[in-house]
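Visitor: Input query.tsv, format and content: TSV, C-alpha atoms.
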```
chain	number	residue	atom	x	y	z
C	1	MET	CA	24.59	8.26	-12.65
C	2	ASN	CA	27.01	5.86	-10.93
C	3	LEU	CA	25.89	2.91	-8.84
C	4	GLN	CA	28.14	1.41	-6.19
C	5	VAL	CA	27.20	-1.76	-4.30
C	6	THR	CA	29.46	-2.87	-1.45
C	7	ASN	CA	29.36	-6.15	0.48
C	8	LEU	CA	25.65	-6.67	0.05
C	9	PHE	CA	24.16	-9.48	2.10
C	10	LYS	CA	20.62	-10.85	2.10
C	11	SER	CA	19.16	-14.02	3.55
C	12	PHE	CA	15.70	-15.53	3.76
C	13	TYR	CA	14.92	-17.65	6.84
C	14	ARG	CA	18.67	-17.85	7.64
C	15	SER	CA	19.46	-19.09	4.15
C	16	PRO	CA	21.76	-16.60	2.39
C	17	VAL	CA	20.73	-15.62	-1.14
C	18	ILE	CA	23.20	-12.78	-1.75
C	19	LYS	CA	26.56	-13.00	-0.01
C	20	SER	CA	29.20	-10.25	-0.01
C	21	PHE	CA	28.06	-8.94	-3.37
C	22	SER	CA	29.90	-5.90	-4.68
C	23	LEU	CA	29.43	-4.12	-7.97
C	24	SER	CA	30.46	-0.86	-9.52
C	25	VAL	CA	28.46	0.50	-12.44
C	26	ASN	CA	29.51	3.61	-14.31
C	27	SER	CA	27.09	6.19	-15.57
C	28	GLY	CA	25.52	5.11	-18.87
C	29	GLU	CA	26.73	1.52	-18.57
C	30	ARG	CA	24.45	-1.40	-19.49
C	31	ILE	CA	24.86	-4.44	-17.27
C	32	GLY	CA	23.21	-7.79	-17.90
C	33	ILE	CA	22.40	-10.05	-14.95
C	34	SER	CA	21.93	-13.71	-15.61
C	35	GLY	CA	21.76	-16.89	-13.57
C	36	PRO	CA	19.59	-19.87	-12.68
C	37	ASN	CA	16.25	-19.63	-10.86
C	38	GLY	CA	16.68	-18.66	-7.21
C	39	SER	CA	20.15	-17.22	-7.71
C	40	GLY	CA	19.03	-13.81	-6.39
C	41	LYS	CA	18.65	-11.73	-9.59
C	42	THR	CA	15.25	-10.27	-8.67
C	43	THR	CA	16.28	-9.98	-5.01
C	44	LEU	CA	19.28	-7.91	-6.07
C	45	LEU	CA	17.18	-5.52	-8.15
C	46	LYS	CA	14.55	-5.21	-5.40
C	47	MET	CA	17.25	-4.29	-2.89
C	48	LEU	CA	18.70	-1.71	-5.26
C	49	SER	CA	15.26	-0.15	-5.75
C	50	GLY	CA	14.45	-0.02	-2.03
C	51	ILE	CA	11.55	-2.48	-2.27
C	52	MET	CA	13.45	-5.05	-0.23
C	53	ALA	CA	15.40	-4.35	2.96
C	54	ILE	CA	19.07	-5.28	2.96
C	55	ASP	CA	20.63	-7.29	5.81
C	56	SER	CA	24.02	-5.58	5.51
C	57	GLY	CA	26.14	-3.71	3.00
C	58	ASP	CA	25.82	-0.39	1.22
C	59	ILE	CA	24.17	0.80	-1.96
C	60	GLN	CA	25.33	4.16	-3.21
C	61	VAL	CA	23.55	6.05	-5.98
C	62	GLY	CA	25.62	9.00	-7.12
C	63	ASN	CA	26.63	10.60	-3.82
C	64	HIS	CA	23.76	9.22	-1.76
C	65	PHE	CA	23.27	5.96	0.09
C	66	ILE	CA	20.00	4.03	-0.24
C	67	ASP	CA	18.25	4.22	3.13
C	68	PRO	CA	14.57	3.83	4.08
C	69	GLU	CA	14.71	7.19	5.89
C	70	PHE	CA	16.19	9.06	2.94
C	71	THR	CA	13.84	9.61	0.02
C	72	LEU	CA	16.03	11.55	-2.43
C	73	PRO	CA	17.99	8.66	-4.10
C	74	ARG	CA	14.71	6.87	-4.90
C	75	LYS	CA	14.01	9.51	-7.54
C	76	SER	CA	17.06	8.35	-9.53
C	77	ILE	CA	16.15	4.65	-9.64
C	78	HIS	CA	13.22	2.92	-11.28
C	79	TYR	CA	12.44	-0.77	-11.03
C	80	LEU	CA	10.44	-2.51	-13.75
C	81	GLY	CA	9.48	-5.79	-12.10
C	82	HIS	CA	7.35	-8.86	-12.62
C	83	SER	CA	4.20	-7.17	-11.28
C	84	ALA	CA	2.69	-3.96	-12.63
C	85	GLY	CA	3.34	-1.90	-9.50
C	86	ALA	CA	0.06	-0.13	-10.24
C	87	TYR	CA	-3.50	-0.25	-8.90
C	88	PRO	CA	-5.82	-2.72	-10.70
C	89	GLY	CA	-8.84	-0.58	-9.74
C	90	LEU	CA	-7.48	2.50	-11.54
C	91	THR	CA	-7.26	3.04	-15.28
C	92	GLY	CA	-3.92	3.13	-17.09
C	93	GLU	CA	-4.11	6.92	-17.28
C	94	GLU	CA	-5.11	7.33	-13.61
C	95	ASN	CA	-2.22	5.10	-12.53
C	96	LEU	CA	0.26	7.21	-14.46
C	97	ILE	CA	-1.22	10.44	-13.06
C	98	PHE	CA	-1.02	8.98	-9.53
C	99	ILE	CA	2.61	7.92	-9.99
C	100	SER	CA	3.61	11.26	-11.54
C	101	GLY	CA	2.08	12.96	-8.47
C	102	LEU	CA	4.22	10.81	-6.17
C	103	TYR	CA	7.32	12.13	-7.95
C	104	GLY	CA	6.08	15.72	-7.79
C	105	MET	CA	5.64	15.84	-11.56
C	106	ASP	CA	2.71	17.32	-13.46
C	107	ALA	CA	0.55	14.97	-15.52
C	108	LEU	CA	1.27	16.62	-18.87
C	109	GLY	CA	3.44	13.78	-20.20
C	110	VAL	CA	1.02	11.00	-19.28
C	111	THR	CA	-0.93	10.84	-22.55
C	112	GLU	CA	2.26	11.03	-24.60
C	113	CYS	CA	3.78	8.10	-22.66
C	114	LEU	CA	0.67	5.99	-23.16
C	115	GLU	CA	0.64	6.81	-26.87
C	116	LYS	CA	4.30	5.86	-27.16
C	117	VAL	CA	3.68	2.35	-25.81
C	118	GLY	CA	0.44	1.92	-27.79
C	119	LEU	CA	-1.94	2.06	-24.83
C	120	ASP	CA	-3.74	5.29	-25.78
C	121	SER	CA	-6.87	3.41	-26.84
C	122	ALA	CA	-6.97	1.53	-23.50
C	123	LYS	CA	-6.06	4.44	-21.25
C	124	GLU	CA	-9.55	4.71	-19.76
C	125	LYS	CA	-9.79	1.01	-19.00
C	126	GLN	CA	-9.08	-0.28	-15.48
C	127	ILE	CA	-5.80	-2.17	-15.61
C	128	LYS	CA	-7.36	-5.27	-14.03
C	129	TYR	CA	-8.78	-5.85	-17.52
C	130	TYR	CA	-5.37	-5.50	-19.21
C	131	SER	CA	-3.65	-8.51	-20.76
C	132	GLN	CA	-0.12	-9.51	-19.68
C	133	GLY	CA	1.35	-7.74	-22.70
C	134	MET	CA	-0.64	-4.58	-21.96
C	135	LEU	CA	0.56	-4.60	-18.36
C	136	GLN	CA	4.13	-4.91	-19.63
C	137	ARG	CA	3.53	-1.91	-21.91
C	138	LEU	CA	2.08	0.01	-18.94
C	139	LYS	CA	5.27	-0.70	-16.99
C	140	LEU	CA	7.26	0.67	-19.92
C	141	ALA	CA	5.02	3.77	-19.97
C	142	ILE	CA	5.76	4.32	-16.25
C	143	THR	CA	9.49	3.91	-16.95
C	144	ILE	CA	9.33	6.49	-19.77
C	145	LEU	CA	7.29	8.89	-17.62
C	146	LEU	CA	9.64	8.81	-14.62
C	147	ASP	CA	12.76	9.20	-16.77
C	148	SER	CA	15.00	7.94	-13.94
C	149	ASP	CA	18.78	7.86	-14.37
C	150	ILE	CA	19.15	4.23	-13.30
C	151	LEU	CA	16.80	1.62	-14.75
C	152	LEU	CA	16.45	-1.82	-13.18
C	153	LEU	CA	14.71	-3.99	-15.76
C	154	ASP	CA	13.62	-7.42	-14.59
C	155	GLU	CA	12.72	-9.65	-17.57
C	156	PRO	CA	11.56	-6.63	-19.60
C	157	LEU	CA	10.47	-8.69	-22.63
C	158	SER	CA	8.15	-10.93	-20.61
C	159	GLY	CA	4.66	-11.00	-22.16
C	160	LEU	CA	5.50	-8.68	-25.06
C	161	ASP	CA	4.50	-9.53	-28.63
C	162	SER	CA	6.80	-8.88	-31.62
C	163	ASN	CA	5.66	-5.23	-31.84
C	164	GLY	CA	6.25	-4.83	-28.12
C	165	ILE	CA	9.74	-6.29	-28.41
C	166	GLN	CA	10.47	-3.87	-31.26
C	167	LEU	CA	9.19	-1.01	-29.10
C	168	PHE	CA	11.43	-2.10	-26.25
C	169	GLN	CA	14.50	-2.24	-28.54
C	170	GLN	CA	13.67	1.29	-29.67
C	171	LEU	CA	13.39	2.46	-26.06
C	172	LEU	CA	16.70	0.77	-25.22
C	173	ASP	CA	18.40	2.78	-27.97
C	174	GLU	CA	16.81	6.01	-26.67
C	175	TRP	CA	17.88	5.24	-23.11
C	176	GLN	CA	21.41	4.51	-24.29
C	177	GLU	CA	21.52	7.83	-26.16
C	178	ASN	CA	20.35	9.56	-22.97
C	179	LYS	CA	23.14	7.83	-21.00
C	180	LYS	CA	20.82	5.89	-18.72
C	181	THR	CA	22.49	3.35	-16.47
C	182	MET	CA	20.77	0.01	-16.88
C	183	LEU	CA	20.76	-3.33	-15.09
C	184	ILE	CA	18.84	-5.89	-17.10
C	185	VAL	CA	17.84	-9.31	-15.79
C	186	SER	CA	17.10	-12.00	-18.35
C	187	HIS	CA	17.46	-15.75	-18.85
C	188	ASP	CA	18.24	-15.16	-22.53
C	189	HIS	CA	22.03	-15.01	-22.41
C	190	ASN	CA	22.43	-14.36	-26.15
C	191	TRP	CA	20.01	-11.44	-26.12
C	192	LEU	CA	21.66	-9.99	-23.02
C	193	SER	CA	25.13	-10.18	-24.55
C	194	SER	CA	23.85	-8.39	-27.66
C	195	ILE	CA	22.47	-5.39	-25.77
C	196	THR	CA	24.73	-4.97	-22.72
C	197	ASP	CA	28.32	-3.93	-22.10
C	198	ARG	CA	28.99	-6.80	-19.70
C	199	ILE	CA	27.14	-9.64	-18.02
C	200	ILE	CA	27.20	-10.68	-14.37
C	201	TYR	CA	26.38	-14.30	-13.71
C	202	LEU	CA	24.84	-15.09	-10.31
C	203	ASN	CA	24.85	-18.63	-8.99
P	204	MET	CA	0.71	14.56	-1.15
P	205	LEU	CA	-1.56	13.38	1.67
P	206	LEU	CA	-4.63	14.39	-0.32
P	207	HIS	CA	-3.20	12.74	-3.44
P	208	LEU	CA	-2.88	9.43	-1.54
P	209	ILE	CA	-6.34	9.66	0.08
P	210	LEU	CA	-8.02	10.54	-3.22
P	211	LYS	CA	-6.51	7.42	-4.79
P	212	ASP	CA	-8.12	5.20	-2.10
P	213	LEU	CA	-11.43	7.06	-2.42
P	214	LYS	CA	-11.43	6.78	-6.22
P	215	ILE	CA	-10.82	3.02	-6.10
P	216	GLU	CA	-13.55	2.59	-3.45
P	217	MET	CA	-16.06	4.80	-5.27
P	218	ARG	CA	-15.62	2.58	-8.31
P	219	SER	CA	-15.74	-0.83	-6.61
P	220	LYS	CA	-17.70	-0.04	-3.38
P	221	GLU	CA	-16.18	-3.26	-2.00
P	222	ILE	CA	-15.10	-1.91	1.39
P	223	ILE	CA	-18.17	0.09	2.41
P	224	ALA	CA	-20.65	-2.45	1.00
P	225	SER	CA	-19.02	-5.40	2.79
P	226	MET	CA	-18.75	-3.48	6.07
P	227	PHE	CA	-22.36	-2.28	5.87
P	228	ILE	CA	-23.81	-5.71	5.03
P	229	PHE	CA	-21.79	-7.37	7.79
P	230	GLY	CA	-22.71	-4.65	10.30
P	231	LEU	CA	-26.38	-4.89	9.40
P	232	SER	CA	-26.37	-8.70	9.64
P	233	VAL	CA	-24.81	-8.66	13.11
P	234	THR	CA	-27.27	-5.94	14.20
P	235	LEU	CA	-30.18	-8.10	13.04
P	236	ILE	CA	-28.78	-11.13	14.85
P	237	PHE	CA	-28.47	-9.11	18.07
P	238	ALA	CA	-31.97	-7.65	17.67
P	239	LEU	CA	-33.64	-10.99	16.99
P	240	ALA	CA	-31.59	-13.24	19.27
P	241	PHE	CA	-31.82	-11.28	22.53
P	242	GLN	CA	-35.28	-11.64	24.01
P	243	VAL	CA	-34.58	-9.60	27.14
P	244	ALA	CA	-36.05	-6.54	28.83
P	245	PRO	CA	-35.40	-3.21	27.07
P	246	VAL	CA	-33.45	-1.95	30.09
P	247	MET	CA	-31.00	-4.82	29.64
P	248	ILE	CA	-30.60	-3.99	25.96
P	249	HIS	CA	-29.92	-0.36	26.88
P	250	THR	CA	-27.19	-1.52	29.26
P	251	PHE	CA	-25.57	-3.80	26.72
P	252	ALA	CA	-26.07	-1.56	23.64
P	253	PRO	CA	-22.72	0.33	23.81
P	254	GLY	CA	-20.78	-2.93	24.08
P	255	LEU	CA	-22.77	-4.55	21.28
P	256	LEU	CA	-22.21	-1.51	19.09
P	257	TRP	CA	-18.44	-1.62	19.56
P	258	VAL	CA	-18.34	-5.36	18.92
P	259	VAL	CA	-20.06	-4.68	15.58
P	260	ILE	CA	-17.71	-1.77	14.80
P	261	LEU	CA	-14.62	-3.81	15.70
P	262	PHE	CA	-15.61	-6.75	13.50
P	263	THR	CA	-16.67	-4.59	10.56
P	264	SER	CA	-13.43	-2.59	10.86
P	265	VAL	CA	-11.36	-5.78	10.51
P	266	LEU	CA	-13.23	-6.57	7.33
P	267	GLY	CA	-12.77	-3.10	5.84
P	268	LEU	CA	-9.15	-2.57	6.87
P	269	ASN	CA	-8.13	-5.96	5.54
P	270	ARG	CA	-9.56	-5.00	2.16
P	271	LEU	CA	-8.10	-1.48	2.27
P	272	PHE	CA	-4.56	-2.81	2.68
P	273	SER	CA	-5.13	-5.70	0.27
P	274	LEU	CA	-5.43	-3.10	-2.50
P	275	GLU	CA	-1.70	-2.45	-2.05
P	276	ARG	CA	-0.80	-6.11	-2.56
P	277	GLU	CA	-2.66	-6.65	-5.82
P	278	GLU	CA	-0.18	-6.34	-8.71
P	279	HIS	CA	2.27	-5.13	-6.02
P	280	ALA	CA	0.71	-1.69	-6.31
P	281	LEU	CA	2.62	-0.63	-3.19
P	282	TRP	CA	5.84	-0.63	-5.28
P	283	SER	CA	4.55	2.61	-6.81
P	284	TRP	CA	5.02	4.53	-3.53
P	285	VAL	CA	7.65	2.32	-1.85
P	286	THR	CA	10.11	3.21	-4.65
P	287	ALA	CA	8.93	6.83	-4.96
P	288	PRO	CA	10.60	9.76	-3.17
P	289	VAL	CA	7.76	10.14	-0.68
P	290	ASP	CA	7.67	9.86	3.09
P	291	ARG	CA	6.16	6.40	3.60
P	292	GLY	CA	4.79	7.54	6.96
P	293	LEU	CA	2.49	9.86	5.01
P	294	VAL	CA	1.09	6.81	3.23
P	295	TYR	CA	0.21	5.38	6.65
P	296	ILE	CA	-1.49	8.63	7.72
P	297	ALA	CA	-3.39	8.64	4.41
P	298	LYS	CA	-4.51	5.06	5.10
P	299	VAL	CA	-5.69	6.01	8.60
P	300	ILE	CA	-7.75	8.88	7.15
P	301	SER	CA	-9.16	6.69	4.35
P	302	ALA	CA	-10.00	3.98	6.91
P	303	LEU	CA	-11.74	6.55	9.12
P	304	ILE	CA	-13.82	7.77	6.19
P	305	PHE	CA	-14.85	4.24	5.19
P	306	VAL	CA	-15.59	3.11	8.77
P	307	LEU	CA	-17.59	6.27	9.51
P	308	ILE	CA	-19.67	5.90	6.34
P	309	SER	CA	-20.46	2.25	7.04
P	310	VAL	CA	-21.20	2.99	10.73
P	311	ILE	CA	-23.56	5.81	9.74
P	312	LEU	CA	-25.32	3.35	7.42
P	313	PHE	CA	-25.81	0.53	9.91
P	314	ILE	CA	-26.25	2.56	13.08
P	315	ILE	CA	-29.71	3.69	12.01
P	316	PRO	CA	-31.08	0.11	11.87
P	317	PHE	CA	-29.08	-0.63	15.06
P	318	PHE	CA	-31.04	2.02	16.96
P	319	ILE	CA	-34.35	1.09	15.34
P	320	PHE	CA	-34.11	-2.68	15.83
P	321	LEU	CA	-32.77	-2.46	19.38
P	322	ASN	CA	-35.29	0.29	20.19
P	323	LEU	CA	-32.65	2.61	21.66
P	324	PRO	CA	-33.16	6.25	22.63
P	325	THR	CA	-31.45	8.77	20.35
P	326	GLU	CA	-31.36	11.80	22.66
P	327	PHE	CA	-27.60	12.33	22.90
P	328	SER	CA	-24.94	14.55	21.37
P	329	PHE	CA	-24.18	13.34	17.84
P	330	PHE	CA	-21.05	15.47	17.82
P	331	GLN	CA	-19.67	13.67	20.87
P	332	PHE	CA	-20.67	10.33	19.38
P	333	GLY	CA	-18.84	11.22	16.16
P	334	LEU	CA	-15.76	12.13	18.20
P	335	ILE	CA	-15.81	8.75	19.99
P	336	LEU	CA	-16.15	6.98	16.64
P	337	LEU	CA	-13.29	8.99	15.19
P	338	LEU	CA	-10.94	8.24	18.08
P	339	GLY	CA	-12.02	4.64	18.50
P	340	THR	CA	-11.50	3.47	14.95
P	341	GLY	CA	-8.74	3.61	12.44
P	342	SER	CA	-5.31	4.05	13.99
P	343	ILE	CA	-4.81	0.65	15.66
P	344	GLY	CA	-6.43	-1.26	12.82
P	345	CYS	CA	-4.27	0.50	10.26
P	346	LEU	CA	-1.12	-0.21	12.23
P	347	ILE	CA	-1.90	-3.93	12.50
P	348	SER	CA	-2.93	-4.08	8.83
P	349	GLY	CA	0.27	-2.24	7.90
P	350	ILE	CA	2.46	-4.56	9.98
P	351	THR	CA	0.91	-7.60	8.31
P	352	LEU	CA	1.07	-6.06	4.83
P	353	GLN	CA	3.99	-8.25	3.78
P	354	ALA	CA	2.95	-11.31	5.81
P	355	GLY	CA	1.81	-14.44	4.05
P	356	LEU	CA	-0.93	-15.35	6.54
P	357	ARG	CA	-2.25	-11.82	7.00
P	358	ASP	CA	-5.93	-12.82	6.96
P	359	VAL	CA	-5.27	-14.94	10.04
P	360	LEU	CA	-2.75	-12.58	11.62
P	361	ILE	CA	-4.92	-9.43	11.55
P	362	PRO	CA	-7.63	-10.69	13.97
P	363	ILE	CA	-5.04	-12.43	16.18
P	364	LEU	CA	-3.03	-9.22	16.57
P	365	LEU	CA	-5.84	-6.70	16.36
P	366	PHE	CA	-8.36	-7.94	18.90
P	367	PRO	CA	-5.97	-8.10	21.91
P	368	SER	CA	-4.32	-4.76	21.04
P	369	ALA	CA	-7.65	-3.06	20.37
P	370	SER	CA	-9.30	-4.24	23.60
P	371	PRO	CA	-8.25	-1.18	25.70
P	372	VAL	CA	-9.63	1.06	22.95
P	373	ALA	CA	-12.82	-0.97	22.68
P	374	ILE	CA	-13.30	-0.83	26.48
P	375	ALA	CA	-12.70	2.95	26.61
P	376	ALA	CA	-14.98	3.51	23.59
P	377	THR	CA	-17.72	1.35	25.16
P	378	LYS	CA	-17.48	3.29	28.42
P	379	CYS	CA	-17.67	6.63	26.58
P	380	THR	CA	-20.63	5.46	24.50
P	381	GLY	CA	-22.40	4.11	27.59
P	382	PHE	CA	-22.08	7.42	29.44
P	383	LEU	CA	-23.13	9.30	26.31
P	384	PHE	CA	-26.27	7.16	25.83
P	385	GLU	CA	-27.16	7.81	29.48
P	386	ASN	CA	-26.77	11.55	28.81
P	387	LYS	CA	-24.16	11.94	31.56
P	388	PRO	CA	-22.21	15.24	31.38
P	389	LEU	CA	-18.84	15.06	29.61
P	390	THR	CA	-17.00	15.99	32.83
P	391	THR	CA	-17.98	12.65	34.39
P	392	TRP	CA	-16.53	10.53	31.59
P	393	ASN	CA	-13.82	12.70	29.96
P	394	PHE	CA	-11.23	10.38	31.59
P	395	TRP	CA	-12.28	7.59	29.19
P	396	LEU	CA	-12.29	10.00	26.27
P	397	LEU	CA	-8.72	11.02	27.13
P	398	ILE	CA	-7.68	7.35	27.18
P	399	LEU	CA	-9.24	6.97	23.74
P	400	ALA	CA	-7.50	10.09	22.44
P	401	SER	CA	-4.16	8.92	23.90
P	402	PHE	CA	-4.40	5.57	22.13
P	403	PHE	CA	-5.33	7.33	18.89
P	404	VAL	CA	-2.30	9.66	19.09
P	405	ILE	CA	0.14	6.94	20.23
P	406	PHE	CA	-0.85	4.44	17.54
P	407	SER	CA	-0.97	7.09	14.82
P	408	LEU	CA	2.53	8.37	15.71
P	409	PHE	CA	3.94	4.87	16.17
P	410	GLY	CA	2.51	3.81	12.81
P	411	TYR	CA	3.92	6.93	11.15
P	412	LEU	CA	7.39	6.18	12.56
P	413	VAL	CA	7.59	2.44	11.85
P	414	PHE	CA	5.71	2.26	8.54
P	415	ASN	CA	8.86	3.25	6.67
P	416	LYS	CA	10.55	0.01	7.71
P	417	ILE	CA	7.67	-2.44	7.76
P	418	VAL	CA	6.60	-1.94	4.16
P	419	GLU	CA	9.91	-3.23	2.82
P	420	GLU	CA	9.97	-6.92	1.93
```
Can the structure from this file be put into structure tokens for me?
Guide:
Amino acid sequence: MNLQVTNLFKSFYRSPVIKSFSLSVNSGERIGISGPNGSGKTTLLKMLSGIMAIDSGDIQVGNHFIDPEFTLPRKSIHYLGHSAGAYPGLTGEENLIFISGLYGMDALGVTECLEKVGLDSAKEKQIKYYSQGMLQRLKLAITILLDSDILLLDEPLSGLDSNGIQLFQQLLDEWQENKKTMLIVSHDHNWLSSITDRIIYLN
Amino acid sequence: MLLHLILKDLKIEMRSKEIIASMFIFGLSVTLIFALAFQVAPVMIHTFAPGLLWVVILFTSVLGLNRLFSLEREEHALWSWVTAPVDRGLVYIAKVISALIFVLISVILFIIPFFIFLNLPTEFSFFQFGLILLLGTGSIGCLISGITLQAGLRDVLIPILLFPSASPVAIAATKCTGFLFENKPLTTWNFWLLILASFFVIFSLFGYLVFNKIVEE
């Protein structure tokens, strides 16, 4: 699915973070986003996912514009961020069932997703007891479950051990085969250049 | 979808019991303070009882609602529904219903000692009392808690915004409760009940309409 960003503008307390940002991403393309701290990488992904309001500009997903009143485009985008985006008081399995319900999906794929990321043994544990690496795996499980066309991955390797990194590489290959459009934020420029088609540098 | 969202709040609360337990303990403590501190004639207590009751309910509600919305901030759990293709207004309605359930449970728990310690008569319609409780709690508190969801100083902001905006509701609810405790017929105080119902509808609808925008960062 295509992603079209036109003249995006965002400021915090009158200090602009993103100014007249435009970007066109073709379906199945992998874009790396790099830049120093505070350059607006996470802000950009949050605006694309609908978590953060935009000051001005347009974000178009396929044929639809991102708008708080319009729920349909949200189904096509998934944001994997710094936080889990899940309830600490629920177990890993309950969180996935809850999220699948929000997307009108049945819970049949939940166990399979947890097995795929190696969380099947911890699925009945409340996620407040998860380690950082386990939370990162849970986020990957949510990403697999939702199977969105556009993936916004913010520091996806953060907290993962060597097995986790291997798992992520495997998922990246699967997502590329399935023609997923991806925007990946990372500080590791070399890694980004090895896995993406092009890199955007924000400053 | 509404049920799905409410069940999530109930499941978390059933496991932790943080909201109901804190509201009940606080409500009971304030009740005991009122019962032991006021050494006045029973007739005076009967006059003040409705107001005292709503002061307790208002303060306990702040405690519970603050916690109910804090659940969404931990690990940015709200991202799960903010980015999902759901009507965010429904999330607000679900929160109002969850809040009503939690407030009603905690009120039921501390109202028994409230009546015992303050030696109040209990010959009144429990159905009408339940209706006043239902209309008097929930909608305003949820709106204020929702508005402050993304605010940094929300613990301070909630009481500052809630108490002034909830005063008309608290006054109407106190009047209704007073008339009810005196066993006056509904026709003599339905005006106050209508005010309460109006506030409930207005704040619920307003919250439903604006929640979509206010949950975004």
Visitor: Check the smallest atom-to-atom distance from each of P:Ile417, P:Leu365, P:Ile335, P:Leu399 to Leu303 (chain P) using only C-alpha atoms, then report the winner.
Guide: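 The answer is P:Ile335, which sits nearest to Leu303 (chain P).
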Visitor: From the options P:Phe332, P:Trp282, P:Phe382, P:Trp395, which residue's atoms come nearest to Glu420 (chain P), counting all atoms listed in the file?
Guide: P:Trp282
Visitor: Once you count only C-alpha atoms, what closest atom pair and distance in Å to one decimal does each residue of chain C within 10 Å of chain P have, with rows by chain and rising residue number, as a tab-separated table?
Guide:
```
residue	atom	partner	partner_atom	distance
C:Thr43	CA	P:Glu420	CA	9.9
C:Lys46	CA	P:Glu420	CA	8.8
C:Met47	CA	P:Glu420	CA	9.1
C:Leu48	CA	P:Thr286	CA	9.9
C:Ser49	CA	P:Thr286	CA	6.2
C:Gly50	CA	P:Thr286	CA	6.0
C:Ile51	CA	P:Glu419	CA	5.4
C:Met52	CA	P:Glu420	CA	4.5
C:Ala53	CA	P:Glu419	CA	5.6
C:Ile54	CA	P:Glu420	CA	9.3
C:Asp67	CA	P:Lys416	CA	9.9
C:Pro68	CA	P:Asn415	CA	6.3
C:Glu69	CA	P:Asn415	CA	7.1
C:Phe70	CA	P:Pro288	CA	8.3
C:Thr71	CA	P:Pro288	CA	4.5
C:Leu72	CA	P:Pro288	CA	5.8
C:Pro73	CA	P:Pro288	CA	7.5
C:Arg74	CA	P:Pro288	CA	5.3
C:Lys75	CA	P:Pro288	CA	5.5
C:Ser76	CA	P:Pro288	CA	9.2
C:Ile77	CA	P:Thr286	CA	8.0
C:His78	CA	P:Thr286	CA	7.3
C:Tyr79	CA	P:Thr286	CA	7.9
C:Leu80	CA	P:Trp282	CA	9.8
C:Gly81	CA	P:Trp282	CA	9.3
C:His82	CA	P:Glu278	CA	8.9
C:Ser83	CA	P:Glu278	CA	5.1
C:Ala84	CA	P:Glu278	CA	5.4
C:Gly85	CA	P:Ala280	CA	4.1
C:Ala86	CA	P:Ala280	CA	4.3
C:Tyr87	CA	P:Ala280	CA	5.1
C:Pro88	CA	P:Glu278	CA	7.0
C:Gly89	CA	P:Ile215	CA	5.5
C:Leu90	CA	P:Ile215	CA	6.4
C:Thr91	CA	P:Ile215	CA	9.8
C:Glu94	CA	P:Lys211	CA	8.9
C:Asn95	CA	P:Lys211	CA	9.1
C:Leu96	CA	P:Ser283	CA	9.9
C:Phe98	CA	P:Lys211	CA	7.4
C:Ile99	CA	P:Ser283	CA	6.5
C:Ser100	CA	P:Ala287	CA	9.6
C:Gly101	CA	P:His207	CA	7.3
C:Leu102	CA	P:Ala287	CA	6.3
C:Tyr103	CA	P:Pro288	CA	6.3
C:Gly104	CA	P:Met204	CA	8.6
C:Ile127	CA	P:Glu278	CA	9.8
C:Lys128	CA	P:Glu278	CA	9.0
C:Leu135	CA	P:Glu278	CA	9.8
C:Ile142	CA	P:Ser283	CA	9.7
C:Leu146	CA	P:Ala287	CA	9.9
```
Visitor: Pick out the residues sitting within 8 Å of Ala297 (chain P), and hand them over as an NGL selection string; count all atoms listed in the file, and ignore anything fewer than 5 positions along from it in its own chain.
Guide: :P and (205-206 or 208-209)
Visitor: When distances are computed from only C-alpha atoms, which of P:Lys387, P:Ile296, P:Val359, P:Leu268 shows the smallest separation from Gly410 (chain P)?
Guide: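 The closest residue to Gly410 (chain P) is P:Ile296.
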Visitor: List the residues sitting within 12 Å of (24.7, -5.4, -23.0) in the file's frame, using only C-alpha atoms, as a PyMOL selection string.
Guide: chain C and resi 28-34+172-173+176+181-186+188-200
Visitor: When distances are computed from only C-alpha atoms, which of C:Leu119, C:Met1, C:Leu44, C:Ala141 shows the smallest separation from Phe21 (chain C)?
Guide: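 Counting only C-alpha atoms, the residue closest to Phe21 (chain C) is C:Leu44.
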Visitor: For a cutoff of 9 Å around the file-coordinate point (-2.3, 8.7, 9.0), which residues qualify once you count only C-alpha atoms? I'd like the result as a ChimeraX atom specification.
Guide: /P:205,292-301,341-342,345,407-408,410-411
Visitor: Tell me, as a VMD selection string, which residues lie within 12 Å of Leu255 (chain P), counting only C-alpha atoms; anything in the same chain fewer than 2 positions away does not count.
Guide: chain P and resid 230 233 to 238 241 247 to 253 257 to 262 314 317 to 318 321 373 to 374 376 to 378 380 to 381
Visitor: Leaving out Asp120 (chain C) and any residue of its chain fewer than 2 positions from it, which residues lie within 12 Å of it when counting all atoms listed in the file, given as a VMD selection string?
Guide: chain C and resid 91 to 93 110 to 118 122 to 125 134 137 to 138 141
Visitor: Kindly give the distance, in Å, that separates CA of Gln60 (chain C) and CA of Asn2 (chain C), rounded to a single decimal.
Guide: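 We find that CA of Gln60 (chain C) and CA of Asn2 (chain C) lie 8.1 Å from each other.
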Visitor: Using all atoms listed in the file, find the one residue out of P:Leu336, P:Leu383, P:Val404, P:Val413 that sits nearest to Ile308 (chain P).
Guide: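 Nearest candidate to Ile308 (chain P) out of P:Leu336, P:Leu383, P:Val404, P:Val413: P:Leu336.
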Visitor: Quick one: 5 Å padding each side, axis-aligned, all listed atoms of region 263-272 of chain P - centre and edge lengths in Å to one decimal, as AutoDock Vina command-line options?
Guide:
```
--center_x -10.6 --center_y -4.0 --center_z 6.5 --size_x 22.1 --size_y 15.1 --size_z 18.7
```
Visitor: Can you tell me how far CA of Pro324 (chain P) sits from CA of Val310 (chain P), in Å to one decimal?
Guide: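 Taking CA of Pro324 (chain P) as the start and CA of Val310 (chain P) as the end point, the length is 17.2 Å.
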